[in-house]
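Trainee: Just my_file00.cif, nothing more (mmCIF, C-alpha atoms):
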```cif
data_my_file
loop_
_atom_site.label_atom_id
_atom_site.label_comp_id
_atom_site.auth_asym_id
_atom_site.auth_seq_id
_atom_site.Cartn_x
_atom_site.Cartn_y
_atom_site.Cartn_z
CA MET A 16 7.40 -17.09 -4.19
CA ALA A 17 6.73 -18.27 -7.73
CA ARG A 18 9.43 -20.23 -9.50
CA THR A 19 11.57 -18.18 -11.81
CA ARG A 20 10.87 -18.86 -15.45
CA VAL A 21 13.97 -18.23 -17.54
CA ARG A 22 14.26 -19.21 -21.15
CA ILE A 23 17.92 -20.12 -21.60
CA PRO A 24 17.82 -20.23 -25.43
CA SER A 25 16.59 -16.63 -25.51
CA LEU A 26 19.40 -15.54 -23.19
CA LEU A 27 22.03 -17.18 -25.39
CA ALA A 28 20.59 -15.44 -28.42
CA LEU A 29 20.62 -12.15 -26.54
CA SER A 30 24.22 -12.81 -25.58
CA THR A 31 25.21 -12.89 -29.24
CA ALA A 32 23.39 -9.64 -29.87
CA GLY A 33 25.03 -8.07 -26.81
CA ILE A 34 28.52 -9.14 -27.92
CA VAL A 35 27.98 -7.70 -31.42
CA LEU A 36 26.77 -4.46 -29.88
CA LEU A 37 29.65 -4.22 -27.47
CA THR A 38 32.26 -4.99 -30.17
CA GLY A 39 31.00 -2.07 -32.21
CA CYS A 40 31.06 0.21 -29.18
CA GLY A 41 34.57 -0.85 -28.28
CA ASP A 42 35.98 0.25 -31.64
CA SER A 43 34.25 3.59 -31.38
CA ASP A 44 35.53 4.20 -27.83
CA SER A 45 39.08 3.33 -28.79
CA THR A 46 39.04 5.84 -31.65
CA GLY A 47 37.55 8.50 -29.45
CA LYS A 48 40.28 8.12 -26.84
CA ALA A 49 43.00 8.39 -29.48
CA ASP A 50 41.60 11.66 -30.81
CA ALA A 51 41.23 13.07 -27.28
CA SER A 52 44.88 12.38 -26.43
CA SER A 53 46.05 14.61 -29.30
CA SER A 54 43.99 17.61 -28.21
CA PRO A 55 45.14 20.38 -25.84
CA ALA A 56 42.49 19.32 -23.32
CA ALA A 57 43.82 15.76 -23.15
CA GLY A 58 45.12 16.14 -19.60
CA ALA A 59 41.82 17.48 -18.26
CA SER A 60 39.86 14.78 -20.07
CA ALA A 61 42.09 12.04 -18.71
CA SER A 62 41.68 13.42 -15.19
CA ALA A 63 37.90 13.54 -15.54
CA SER A 64 37.90 10.00 -16.87
CA ALA A 65 39.98 8.84 -13.91
CA ASP A 66 37.56 10.44 -11.47
CA ALA A 67 34.60 8.82 -13.21
CA ALA A 68 36.34 5.45 -13.17
CA GLU A 69 36.50 5.58 -9.38
CA LYS A 70 32.70 5.52 -9.18
CA PRO A 71 31.22 2.06 -9.80
CA THR A 72 28.87 1.24 -12.63
CA VAL A 73 25.98 -0.64 -11.07
CA VAL A 74 23.26 -2.69 -12.77
CA VAL A 75 20.28 -3.74 -10.67
CA THR A 76 17.42 -6.06 -11.44
CA THR A 77 14.67 -3.79 -10.03
CA THR A 78 14.13 -0.31 -8.63
CA TRP A 79 14.20 -1.84 -5.14
CA GLU A 80 17.84 -2.91 -5.46
CA GLY A 81 18.43 0.36 -7.27
CA ALA A 82 17.20 2.35 -4.29
CA PHE A 83 19.56 0.45 -2.00
CA ALA A 84 22.45 1.15 -4.38
CA LYS A 85 21.56 4.85 -4.57
CA ALA A 86 21.30 5.08 -0.78
CA ALA A 87 24.76 3.49 -0.55
CA GLY A 88 26.20 6.24 -2.74
CA ALA A 89 26.17 4.78 -6.26
CA GLU A 90 25.37 7.26 -9.04
CA ASP A 91 25.68 5.28 -12.27
CA ILE A 92 22.75 2.86 -11.86
CA THR A 93 20.90 0.97 -14.58
CA VAL A 94 17.64 -0.83 -13.77
CA ILE A 95 16.83 -3.94 -15.83
CA VAL A 96 13.22 -4.74 -14.91
CA PRO A 97 10.71 -1.91 -15.55
CA GLN A 98 8.72 -0.76 -12.55
CA SER A 99 5.52 -1.78 -14.35
CA VAL A 100 6.54 -5.45 -14.00
CA HIS A 101 5.28 -6.35 -10.53
CA HIS A 102 6.84 -9.82 -10.46
CA ALA A 103 10.48 -9.44 -11.47
CA PRO A 104 11.26 -13.18 -11.97
CA ASP A 105 8.81 -13.22 -14.90
CA TYR A 106 10.80 -10.64 -16.86
CA ASP A 107 12.58 -11.59 -20.12
CA PRO A 108 15.87 -9.67 -20.58
CA LYS A 109 16.53 -7.62 -23.72
CA PRO A 110 19.82 -7.17 -25.65
CA SER A 111 20.21 -3.73 -24.05
CA ASP A 112 20.05 -5.37 -20.62
CA LEU A 113 22.94 -7.67 -21.53
CA ALA A 114 24.92 -4.74 -22.90
CA ALA A 115 24.48 -2.89 -19.60
CA VAL A 116 25.48 -5.94 -17.54
CA ALA A 117 28.57 -6.49 -19.69
CA LYS A 118 29.90 -3.04 -18.74
CA ALA A 119 28.95 -3.17 -15.05
CA ASP A 120 31.22 -3.33 -12.04
CA PHE A 121 28.43 -4.74 -9.87
CA VAL A 122 25.15 -6.54 -10.58
CA LEU A 123 22.65 -6.45 -7.71
CA TYR A 124 19.85 -8.97 -7.39
CA ALA A 125 17.56 -10.58 -4.81
CA PRO A 126 17.48 -14.27 -3.80
CA PHE A 127 14.10 -14.70 -5.53
CA GLU A 128 15.64 -13.44 -8.81
CA PRO A 129 18.11 -16.25 -9.62
CA TYR A 130 18.09 -15.38 -13.32
CA ALA A 131 20.53 -12.55 -12.56
CA ALA A 132 23.41 -15.02 -12.60
CA LYS A 133 22.26 -16.34 -16.00
CA ILE A 134 22.06 -12.80 -17.37
CA LYS A 135 25.60 -12.11 -16.19
CA GLU A 136 26.87 -15.31 -17.75
CA ALA A 137 25.08 -14.69 -21.04
CA ALA A 138 26.46 -11.17 -21.23
CA GLY A 139 30.02 -12.35 -20.61
CA SER A 140 30.35 -9.86 -17.76
CA LYS A 141 33.11 -9.86 -15.16
CA ALA A 142 30.94 -7.84 -12.78
CA LYS A 143 30.66 -8.82 -9.13
CA LEU A 144 27.27 -10.42 -8.52
CA VAL A 145 25.84 -9.16 -5.22
CA GLU A 146 22.79 -10.63 -3.49
CA VAL A 147 20.73 -7.97 -1.71
CA ASN A 148 18.43 -8.65 1.22
CA LEU A 149 15.32 -6.77 0.11
CA ASP A 150 13.58 -5.92 3.36
CA ASN A 151 12.42 -2.41 4.24
CA ASP A 152 12.89 -2.97 7.95
CA PRO A 153 15.01 0.08 8.85
CA ASP A 154 17.76 -1.86 10.62
CA LYS A 155 18.09 -4.29 7.72
CA VAL A 156 18.08 -1.46 5.19
CA LYS A 157 20.95 0.30 6.93
CA ALA A 158 22.91 -2.92 7.20
CA GLU A 159 22.58 -3.52 3.45
CA VAL A 160 23.46 0.09 2.66
CA ASP A 161 26.62 -0.24 4.77
CA LYS A 162 27.53 -3.49 3.00
CA LEU A 163 27.11 -1.98 -0.44
CA ALA A 164 28.94 1.22 0.46
CA GLY A 165 31.89 -0.87 1.60
CA MET A 166 31.99 -2.52 -1.83
CA PHE A 167 31.46 0.73 -3.74
CA GLY A 168 33.92 2.81 -1.72
CA THR A 169 31.17 5.33 -0.89
CA LYS A 170 30.92 5.15 2.90
CA ASP A 171 30.65 8.91 3.39
CA ALA A 172 27.65 9.16 1.06
CA ALA A 173 26.00 6.20 2.79
CA THR A 174 26.53 7.75 6.23
CA ALA A 175 24.89 10.99 5.10
CA TRP A 176 21.93 9.07 3.64
CA LYS A 177 21.43 7.06 6.84
CA THR A 178 21.34 10.26 8.89
CA GLY A 179 18.58 11.65 6.70
CA PHE A 180 16.78 8.32 6.74
CA ASP A 181 16.74 8.12 10.54
CA THR A 182 15.33 11.64 10.79
CA GLU A 183 12.56 10.97 8.25
CA TYR A 184 11.68 7.53 9.62
CA THR A 185 11.36 8.84 13.19
CA LYS A 186 9.09 11.64 11.98
CA LEU A 187 6.83 9.28 10.01
CA ASN A 188 6.68 6.77 12.85
CA LYS A 189 5.48 9.43 15.26
CA GLU A 190 2.91 10.75 12.78
CA VAL A 191 1.38 7.33 12.19
CA GLN A 192 1.24 6.42 15.86
CA ALA A 193 -0.38 9.77 16.65
CA ALA A 194 -3.09 9.02 14.06
CA TRP A 195 -4.42 5.94 15.86
CA PRO A 196 -7.51 6.56 18.01
CA GLY A 197 -6.28 7.03 21.54
CA GLY A 198 -2.70 6.77 20.27
CA LYS A 199 -2.84 2.97 20.47
CA ALA A 200 -1.89 0.89 17.43
CA PRO A 201 -4.57 -1.64 16.36
CA ALA A 202 -4.13 -5.39 16.00
CA VAL A 203 -2.46 -6.06 12.66
CA VAL A 204 -2.06 -9.07 10.37
CA SER A 205 0.75 -8.64 7.86
CA GLN A 206 2.00 -10.32 4.73
CA VAL A 207 5.53 -11.58 5.42
CA PHE A 208 7.14 -8.92 3.21
CA THR A 209 5.20 -6.00 4.73
CA VAL A 210 6.03 -6.55 8.39
CA TRP A 211 8.25 -3.46 8.14
CA ALA A 212 5.10 -1.37 7.62
CA ALA A 213 3.61 -2.73 10.86
CA LYS A 214 6.79 -1.61 12.60
CA LEU A 215 6.42 1.83 11.03
CA ALA A 216 2.89 1.91 12.46
CA GLY A 217 4.19 1.05 15.92
CA ALA A 218 2.34 -2.27 15.84
CA THR A 219 3.45 -5.85 16.43
CA PRO A 220 1.61 -8.20 14.03
CA VAL A 221 -0.70 -10.70 15.75
CA GLY A 222 -0.15 -12.96 12.74
CA THR A 223 1.51 -13.16 9.32
CA TYR A 224 0.70 -14.90 6.06
CA GLY A 225 2.20 -15.59 2.64
CA PRO A 226 3.84 -15.49 0.31
CA GLU A 227 1.41 -18.27 -0.67
CA ALA A 228 -2.35 -17.72 -0.56
CA VAL A 229 -4.00 -18.09 2.84
CA THR A 230 -5.27 -21.61 3.52
CA PRO A 231 -8.64 -22.26 5.20
CA ALA A 232 -6.84 -23.21 8.41
CA GLN A 233 -4.81 -19.96 8.35
CA LEU A 234 -7.95 -17.98 7.58
CA ALA A 235 -9.65 -19.32 10.69
CA GLU A 236 -6.56 -18.77 12.83
CA LEU A 237 -5.91 -15.20 11.65
CA SER A 238 -9.56 -14.17 11.81
CA ALA A 239 -9.71 -15.39 15.42
CA LYS A 240 -7.05 -12.78 16.25
CA LYS A 241 -9.66 -10.12 15.37
CA PRO A 242 -7.23 -7.80 13.54
CA ALA A 243 -8.33 -4.29 12.65
CA LEU A 244 -5.87 -4.09 9.73
CA VAL A 245 -4.40 -6.43 7.14
CA LEU A 246 -1.19 -5.12 5.58
CA ASP A 247 -1.20 -6.65 2.11
CA ASN A 248 1.74 -6.78 -0.31
CA ALA A 249 0.73 -4.84 -3.44
CA HIS A 250 3.20 -6.83 -5.54
CA MET A 251 1.98 -10.27 -4.46
CA SER A 252 -1.65 -9.68 -3.59
CA THR A 253 -4.00 -12.65 -3.56
CA GLY A 254 -7.11 -10.52 -3.19
CA THR A 255 -9.06 -10.04 0.02
CA VAL A 256 -7.10 -11.89 2.66
CA LEU A 257 -9.61 -12.11 5.50
CA PRO A 258 -13.09 -11.77 4.01
CA ASP A 259 -15.95 -11.26 6.44
CA SER A 260 -13.50 -10.51 9.27
CA GLY A 261 -14.22 -6.79 9.30
CA ALA A 262 -10.50 -6.01 8.94
CA ASN A 263 -9.50 -3.05 6.80
CA GLN A 264 -7.01 -4.20 4.15
CA VAL A 265 -4.18 -1.75 3.43
CA LYS A 266 -2.09 -2.01 0.27
CA ILE A 267 1.63 -1.63 0.98
CA VAL A 268 4.06 -0.95 -1.89
CA ASN A 269 7.63 -2.15 -1.40
CA TYR A 270 9.23 -0.97 -4.64
CA PRO A 271 10.32 2.67 -5.09
CA GLY A 272 9.70 4.63 -8.30
CA ASP A 273 12.04 5.32 -11.17
CA ASP A 274 13.72 8.04 -9.07
CA LEU A 275 15.02 5.22 -6.79
CA ASP A 276 13.95 7.17 -3.71
CA LEU A 277 13.56 4.60 -0.94
CA LEU A 278 12.23 7.20 1.50
CA ALA A 279 9.21 7.69 -0.76
CA VAL A 280 8.20 4.08 0.02
CA TYR A 281 7.98 4.92 3.72
CA ARG A 282 6.12 8.17 3.07
CA ASN A 283 3.56 6.38 0.93
CA ALA A 284 3.12 3.60 3.49
CA ALA A 285 2.69 6.19 6.27
CA ALA A 286 0.02 7.98 4.21
CA GLU A 287 -1.90 4.73 3.67
CA LEU A 288 -1.65 3.81 7.34
CA LYS A 289 -2.87 7.23 8.46
CA LYS A 290 -5.77 6.95 6.02
CA ALA A 291 -6.64 3.58 7.55
CA ALA A 292 -6.43 5.06 11.03
CA GLY A 293 -8.94 7.71 10.09
CA ALA A 294 -11.33 5.07 8.76
CA SER A 295 -11.13 2.88 11.86
#
```
If you convert what's in this file into structure tokens, what do you get?

Mentor:
Amino acid sequence: MARTRVRIPSLLALSTAGIVLLTGCGDSDSTGKADASSSPAAGASASASADAAEKPTVVVTTTWEGAFAKAAGAEDITVIVPQSVHHAPDYDPKPSDLAAVAKADFVLYAPFEPYAAKIKEAAGSKAKLVEVNLDNDPDKVKAEVDKLAGMFGTKDAATAWKTGFDTEYTKLNKEVQAAWPGGKAPAVVSQVFTVWAAKLAGATPVGTYGPEAVTPAQLAELSAKKPALVLDNAHMSTGTVLPDSGANQVKIVNYPGDDLDLLAVYRNAAAELKKAAGAS
């Protein structure tokens, strides 16, 4: 994984901008609450505010963490890094990012995104910083969803999501396996962060590579395994992994879209795998 490049001076400058922004918002909110308390609907408004306060405000570095938070039952989710940025550690935060972090109850990040702690510090936030294990292996996903739901107080929502997830995953797994000629999964080489897709295909990788580029020694070793498929990581691709091996390279996307639908990641992977099965 590439080293994170964070420009501390820019974060400190953004912190000042965030504080100015938040100070202005604080005055406005205070006035608004005072006016509301004098109205006939004050009781209803206070009740609605209390209900909203029970639901956590969550800021996430990418849509991947966002999908985990949504699966766990969070509703108020702000994503910092745009989906168009394939390598999150290269992102430079904006003043609006700091403003969002300053108001958050939780900030979710991945181990390879250490700048999250610096963003939190620069924003002056008291949010709980939570490291998320970003791995789309179904067992690991459900474990993370359970962990987050325990923090958010949303266990019922997480349980309902996991039930739907199990149903959809089982369906996709059967569809992909049925697509292989003779119903037998081919030999697969996988990038370390796409092993979950091999599992979805019903295949055990004969070898893995990455996140660094494949060395000549690895190239010889992996090619000798005679894989039919190479499951490449779309977000960290180094080009053709095993040239001249005859293996069909399949692009696997780990990050969900702006809708934070993690199940869409599995559907897309299943579609790519079935397409590869038809070409083999």

Trainee: Any idea what's packed within 7 Å of region 74-91 of chain A, counting all atoms listed in the file, ignoring anything in its chain fewer than 2 positions away? Could you give it as a PyMOL selection string?

Mentor: chain A and resi 71-72+93-96+98+115-116+119+121-124+147+160-161+163-164+169+172-173+176+270-273+275-277

Trainee: Hey, which of A:Asn248, A:Ser111, A:Thr174, A:Gln206 ends up closest to Ile267 (chain A)? Count all atoms listed in the file.

Mentor: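 Closest candidate: A:Asn248.
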
Trainee: What separation in Å, quoted to one decimal, exists between CA of Ala175 (chain A) and CA of Thr209 (chain A)?

Mentor: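 That distance, rounded to one decimal, is 26.0 Å.
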
Trainee: Neighbours of Val203 (chain A) within 8 Å (all atoms listed in the file; same-chain residues fewer than 3 positions away dropped), as a PyMOL selection string?

Mentor: chain A and resi 213+218-222+242-246

Trainee: Give as a PyMOL selection string the residues that the PyMOL selection byres ((chain A and resi 137-144) around 7) matches when applied to the coordinates above.

Mentor: chain A and resi 26-27+30+33+113-114+116-123+133-136+145-146
